[in-house]
Amino acid sequence: METTQDWIRVCAITDIDTEDVLRFDWGGRAYAIYNAKSGFYATADLCTHGGARLSDGLVMGDIIECPLHQGRFHIPTGAAKSPPACRKWWARGCRLS
């Protein structure tokens with residue numbers, strides 16, 4: 001892992017297939033890195049409903065489905081899209097190099 005001006009090198013673009021997610025641990029926290037339909041994004045790895053690891057979920061276009069209760073989130077905005085997910089989470093775009 002390499003840090004440059006507040007950016008952290010996580011993986012190669014080719015490490016994450018299209019419509020897939022990868023877990024990344026850094027600084028004592030787990031993150032989910034997505035290759036979604038609209039681009040690459042990073043979020044916290046925990047579902048806001050049941051605490052399941054979103055990196056174990058299913059990516060469909062720009063949606064991640066939680067593996068525990070099948071709640072869905074819009075990856076680019078973090079918006080909860082279907083119950084039982086009800087709270088938005090933060091999502092950040094990723095710099096590709």
# chains A, B, ... in the order shown; residues from 1 in each chain; ligands from 1
$ residues_around --residues "Gly27 in chain A" --least-positions-apart "3" --cutoff "12 Å" --atoms "only C-alpha atoms" --output "ChimeraX atom specification"
/A:1,8,24,30-31
$ residues_around --residues "range 83-97 of chain A" --least-positions-apart "3" --cutoff "7 Å" --atoms "only C-alpha atoms" --output "NGL selection string"
:A and (40-43 or 48-49 or 69 or 71-72 or 75-80)
$ write_last_selection --atoms "C-alpha atoms" --output "PDB file, in the first residue's frame"
ATOM      1  CA  PHE A  40     -15.250   3.129  -9.003  1.00  0.00           C
ATOM      2  CA  TYR A  41     -16.402   4.056  -5.469  1.00  0.00           C
ATOM      3  CA  ALA A  42     -15.461   3.452  -1.852  1.00  0.00           C
ATOM      4  CA  THR A  43     -17.760   3.105   1.169  1.00  0.00           C
ATOM      5  CA  THR A  48     -26.346   0.471   8.092  1.00  0.00           C
ATOM      6  CA  HIS A  49     -29.138  -1.986   8.937  1.00  0.00           C
ATOM      7  CA  HIS A  69     -31.196  -9.189   4.532  1.00  0.00           C
ATOM      8  CA  GLY A  71     -31.368  -4.428   1.541  1.00  0.00           C
ATOM      9  CA  ARG A  72     -30.079  -2.360  -1.379  1.00  0.00           C
ATOM     10  CA  ILE A  75     -23.456   3.011  -4.635  1.00  0.00           C
ATOM     11  CA  PRO A  76     -22.699   6.518  -6.061  1.00  0.00           C
ATOM     12  CA  THR A  77     -24.929   8.349  -3.549  1.00  0.00           C
ATOM     13  CA  GLY A  78     -25.194   5.895  -0.652  1.00  0.00           C
ATOM     14  CA  ALA A  79     -29.005   6.200  -0.705  1.00  0.00           C
ATOM     15  CA  ALA A  80     -30.980   3.302   0.772  1.00  0.00           C
TER      16      ALA A  80
END
$ residues_around --residues "Ser55 in chain A" --least-positions-apart "2" --cutoff "6 Å" --atoms "only C-alpha atoms" --output "ChimeraX atom specification"
/A:21-23,32,53,57
$ residues_around --residues "Ala36 in chain A" --least-positions-apart "2" --cutoff "6 Å" --atoms "only C-alpha atoms" --output "PyMOL selection string"
chain A and resi 19+34+38-40+61-62
$ write_last_selection --atoms "N, CA and C atoms" --output "mmCIF file, in the first residue's frame"
data_model
loop_
_atom_site.group_PDB
_atom_site.id
_atom_site.type_symbol
_atom_site.label_atom_id
_atom_site.label_comp_id
_atom_site.auth_asym_id
_atom_site.auth_seq_id
_atom_site.Cartn_x
_atom_site.Cartn_y
_atom_site.Cartn_z
ATOM 1 N N GLU A 19 -18.938 -4.684 -12.079
ATOM 2 C CA GLU A 19 -20.037 -5.016 -11.178
ATOM 3 C C GLU A 19 -19.583 -5.998 -10.095
ATOM 4 N N TYR A 34 -15.839 -0.562 -4.960
ATOM 5 C CA TYR A 34 -16.743 -1.064 -5.993
ATOM 6 C C TYR A 34 -16.278 -0.686 -7.395
ATOM 7 N N SER A 38 -21.312 2.968 -13.080
ATOM 8 C CA SER A 38 -20.931 4.358 -13.355
ATOM 9 C C SER A 38 -19.499 4.691 -12.929
ATOM 10 N N GLY A 39 -18.749 3.710 -12.393
ATOM 11 C CA GLY A 39 -17.365 3.980 -12.029
ATOM 12 C C GLY A 39 -16.945 3.278 -10.750
ATOM 13 N N PHE A 40 -15.806 3.704 -10.233
ATOM 14 C CA PHE A 40 -15.250 3.129 -9.003
ATOM 15 C C PHE A 40 -15.625 4.000 -7.812
ATOM 16 N N GLY A 61 -25.229 -3.263 -11.468
ATOM 17 C CA GLY A 61 -25.199 -1.898 -12.004
ATOM 18 C C GLY A 61 -24.588 -0.954 -10.990
ATOM 19 N N ASP A 62 -25.380 -0.013 -10.473
ATOM 20 C CA ASP A 62 -24.936 0.928 -9.441
ATOM 21 C C ASP A 62 -25.536 0.612 -8.079
#
$ atom_distance --atom1 "CA of Cys11 in chain A" --atom2 "CA of Leu54 in chain A"
17.8 Å
$ select_by_dssp --residues "range 24-96 of chain A" --states "strand (DSSP E or B)" --output "PyMOL selection string"
chain A and resi 24-26+29-36+39-44+46+53+58-60+63-65+72-74+80-82+91-93
$ write_last_selection --atoms "N, CA, C and O atoms" --output "compact mmCIF listing (two decimals), in the first residue's frame"
# COMPACT_ATOMS: atom_id res chain seq x y z
N PHE A 24 -11.27 -3.86 1.60
CA PHE A 24 -9.96 -3.26 1.81
C PHE A 24 -9.89 -2.80 3.26
O PHE A 24 -10.75 -2.04 3.72
N ASP A 25 -8.89 -3.25 4.00
CA ASP A 25 -8.71 -2.87 5.39
C ASP A 25 -7.58 -1.85 5.49
O ASP A 25 -6.49 -2.07 4.94
N TRP A 26 -7.84 -0.75 6.19
CA TRP A 26 -6.83 0.28 6.35
C TRP A 26 -7.15 1.11 7.59
O TRP A 26 -8.31 1.47 7.83
N ARG A 29 -10.02 0.04 9.95
CA ARG A 29 -11.39 0.03 9.42
C ARG A 29 -11.46 -0.78 8.14
O ARG A 29 -10.47 -0.92 7.43
N ALA A 30 -12.65 -1.29 7.86
CA ALA A 30 -12.88 -2.04 6.62
C ALA A 30 -13.67 -1.17 5.65
O ALA A 30 -14.61 -0.48 6.04
N TYR A 31 -13.27 -1.22 4.40
CA TYR A 31 -13.93 -0.46 3.34
C TYR A 31 -14.33 -1.41 2.22
O TYR A 31 -13.73 -2.47 2.04
N ALA A 32 -15.36 -1.03 1.48
CA ALA A 32 -15.77 -1.75 0.29
C ALA A 32 -15.41 -0.88 -0.91
O ALA A 32 -15.77 0.30 -0.95
N ILE A 33 -14.69 -1.45 -1.88
CA ILE A 33 -14.29 -0.74 -3.09
C ILE A 33 -15.08 -1.37 -4.24
O ILE A 33 -15.01 -2.58 -4.44
N TYR A 34 -15.84 -0.56 -4.96
CA TYR A 34 -16.74 -1.06 -5.99
C TYR A 34 -16.28 -0.69 -7.39
O TYR A 34 -15.82 0.43 -7.62
N ASN A 35 -16.50 -1.58 -8.33
CA ASN A 35 -16.43 -1.28 -9.75
C ASN A 35 -17.87 -1.35 -10.23
O ASN A 35 -18.36 -2.39 -10.67
N ALA A 36 -18.59 -0.24 -10.05
CA ALA A 36 -20.01 -0.17 -10.39
C ALA A 36 -20.18 0.27 -11.85
O ALA A 36 -19.22 0.64 -12.52
N GLY A 39 -18.75 3.71 -12.39
CA GLY A 39 -17.36 3.98 -12.03
C GLY A 39 -16.94 3.28 -10.75
O GLY A 39 -17.65 2.40 -10.25
N PHE A 40 -15.81 3.70 -10.23
CA PHE A 40 -15.25 3.13 -9.00
C PHE A 40 -15.63 4.00 -7.81
O PHE A 40 -15.57 5.23 -7.89
N TYR A 41 -15.98 3.35 -6.68
CA TYR A 41 -16.40 4.06 -5.47
C TYR A 41 -15.88 3.32 -4.25
O TYR A 41 -15.57 2.14 -4.31
N ALA A 42 -15.84 4.04 -3.14
CA ALA A 42 -15.46 3.45 -1.85
C ALA A 42 -16.51 3.82 -0.81
O ALA A 42 -17.03 4.94 -0.82
N THR A 43 -16.85 2.86 0.05
CA THR A 43 -17.76 3.11 1.17
C THR A 43 -17.23 2.36 2.38
O THR A 43 -16.34 1.52 2.28
N ALA A 44 -17.83 2.64 3.54
CA ALA A 44 -17.59 1.77 4.69
C ALA A 44 -18.11 0.39 4.31
O ALA A 44 -19.01 0.27 3.48
N LEU A 46 -19.70 -1.81 6.14
CA LEU A 46 -20.81 -2.32 6.93
C LEU A 46 -22.16 -1.76 6.49
O LEU A 46 -22.30 -0.56 6.27
N ARG A 53 -21.15 -7.33 6.14
CA ARG A 53 -20.09 -6.84 5.26
C ARG A 53 -20.64 -6.67 3.84
O ARG A 53 -21.02 -7.64 3.19
N LEU A 58 -23.79 -8.38 -3.44
CA LEU A 58 -23.92 -8.52 -4.89
C LEU A 58 -24.07 -7.14 -5.51
O LEU A 58 -24.96 -6.37 -5.11
N VAL A 59 -23.21 -6.81 -6.48
CA VAL A 59 -23.29 -5.55 -7.20
C VAL A 59 -24.07 -5.77 -8.48
O VAL A 59 -23.77 -6.69 -9.25
N MET A 60 -25.10 -4.92 -8.69
CA MET A 60 -25.92 -4.97 -9.91
C MET A 60 -26.01 -3.55 -10.45
O MET A 60 -26.74 -2.73 -9.90
N ILE A 63 -26.02 -0.61 -7.89
CA ILE A 63 -26.68 -1.03 -6.65
C ILE A 63 -25.85 -2.13 -5.99
O ILE A 63 -25.36 -3.05 -6.65
N ILE A 64 -25.72 -2.05 -4.65
CA ILE A 64 -25.13 -3.14 -3.87
C ILE A 64 -26.26 -3.74 -3.03
O ILE A 64 -27.04 -3.01 -2.40
N GLU A 65 -26.34 -5.06 -3.04
CA GLU A 65 -27.33 -5.76 -2.23
C GLU A 65 -26.63 -6.39 -1.04
O GLU A 65 -25.66 -7.15 -1.20
N ARG A 72 -30.87 -2.86 -0.25
CA ARG A 72 -30.08 -2.36 -1.38
C ARG A 72 -29.75 -0.88 -1.21
O ARG A 72 -30.55 -0.11 -0.69
N PHE A 73 -28.54 -0.53 -1.68
CA PHE A 73 -28.05 0.84 -1.64
C PHE A 73 -27.59 1.26 -3.03
O PHE A 73 -27.04 0.45 -3.78
N HIS A 74 -27.80 2.54 -3.35
CA HIS A 74 -27.27 3.13 -4.58
C HIS A 74 -25.81 3.50 -4.28
O HIS A 74 -25.55 4.36 -3.44
N ALA A 80 -30.31 4.58 0.56
CA ALA A 80 -30.98 3.30 0.77
C ALA A 80 -32.09 3.18 -0.26
O ALA A 80 -32.90 4.10 -0.43
N LYS A 81 -32.14 2.05 -0.98
CA LYS A 81 -33.10 1.86 -2.06
C LYS A 81 -34.18 0.85 -1.78
O LYS A 81 -35.21 0.87 -2.44
N SER A 82 -33.97 -0.07 -0.84
CA SER A 82 -35.02 -1.03 -0.51
C SER A 82 -34.84 -1.53 0.92
O SER A 82 -33.72 -1.65 1.39
N ALA A 91 -20.53 7.67 0.45
CA ALA A 91 -19.86 7.04 -0.69
C ALA A 91 -18.91 8.07 -1.29
O ALA A 91 -19.23 9.26 -1.33
N ARG A 92 -17.76 7.62 -1.72
CA ARG A 92 -16.77 8.50 -2.32
C ARG A 92 -16.31 7.93 -3.65
O ARG A 92 -16.15 6.71 -3.79
N GLY A 93 -16.10 8.81 -4.60
CA GLY A 93 -15.51 8.39 -5.85
C GLY A 93 -14.05 8.05 -5.62
O GLY A 93 -13.45 8.44 -4.64
$ atom_distance --atom1 "CA of Asp15 in chain A" --atom2 "CA of Leu68 in chain A"
24.6 Å
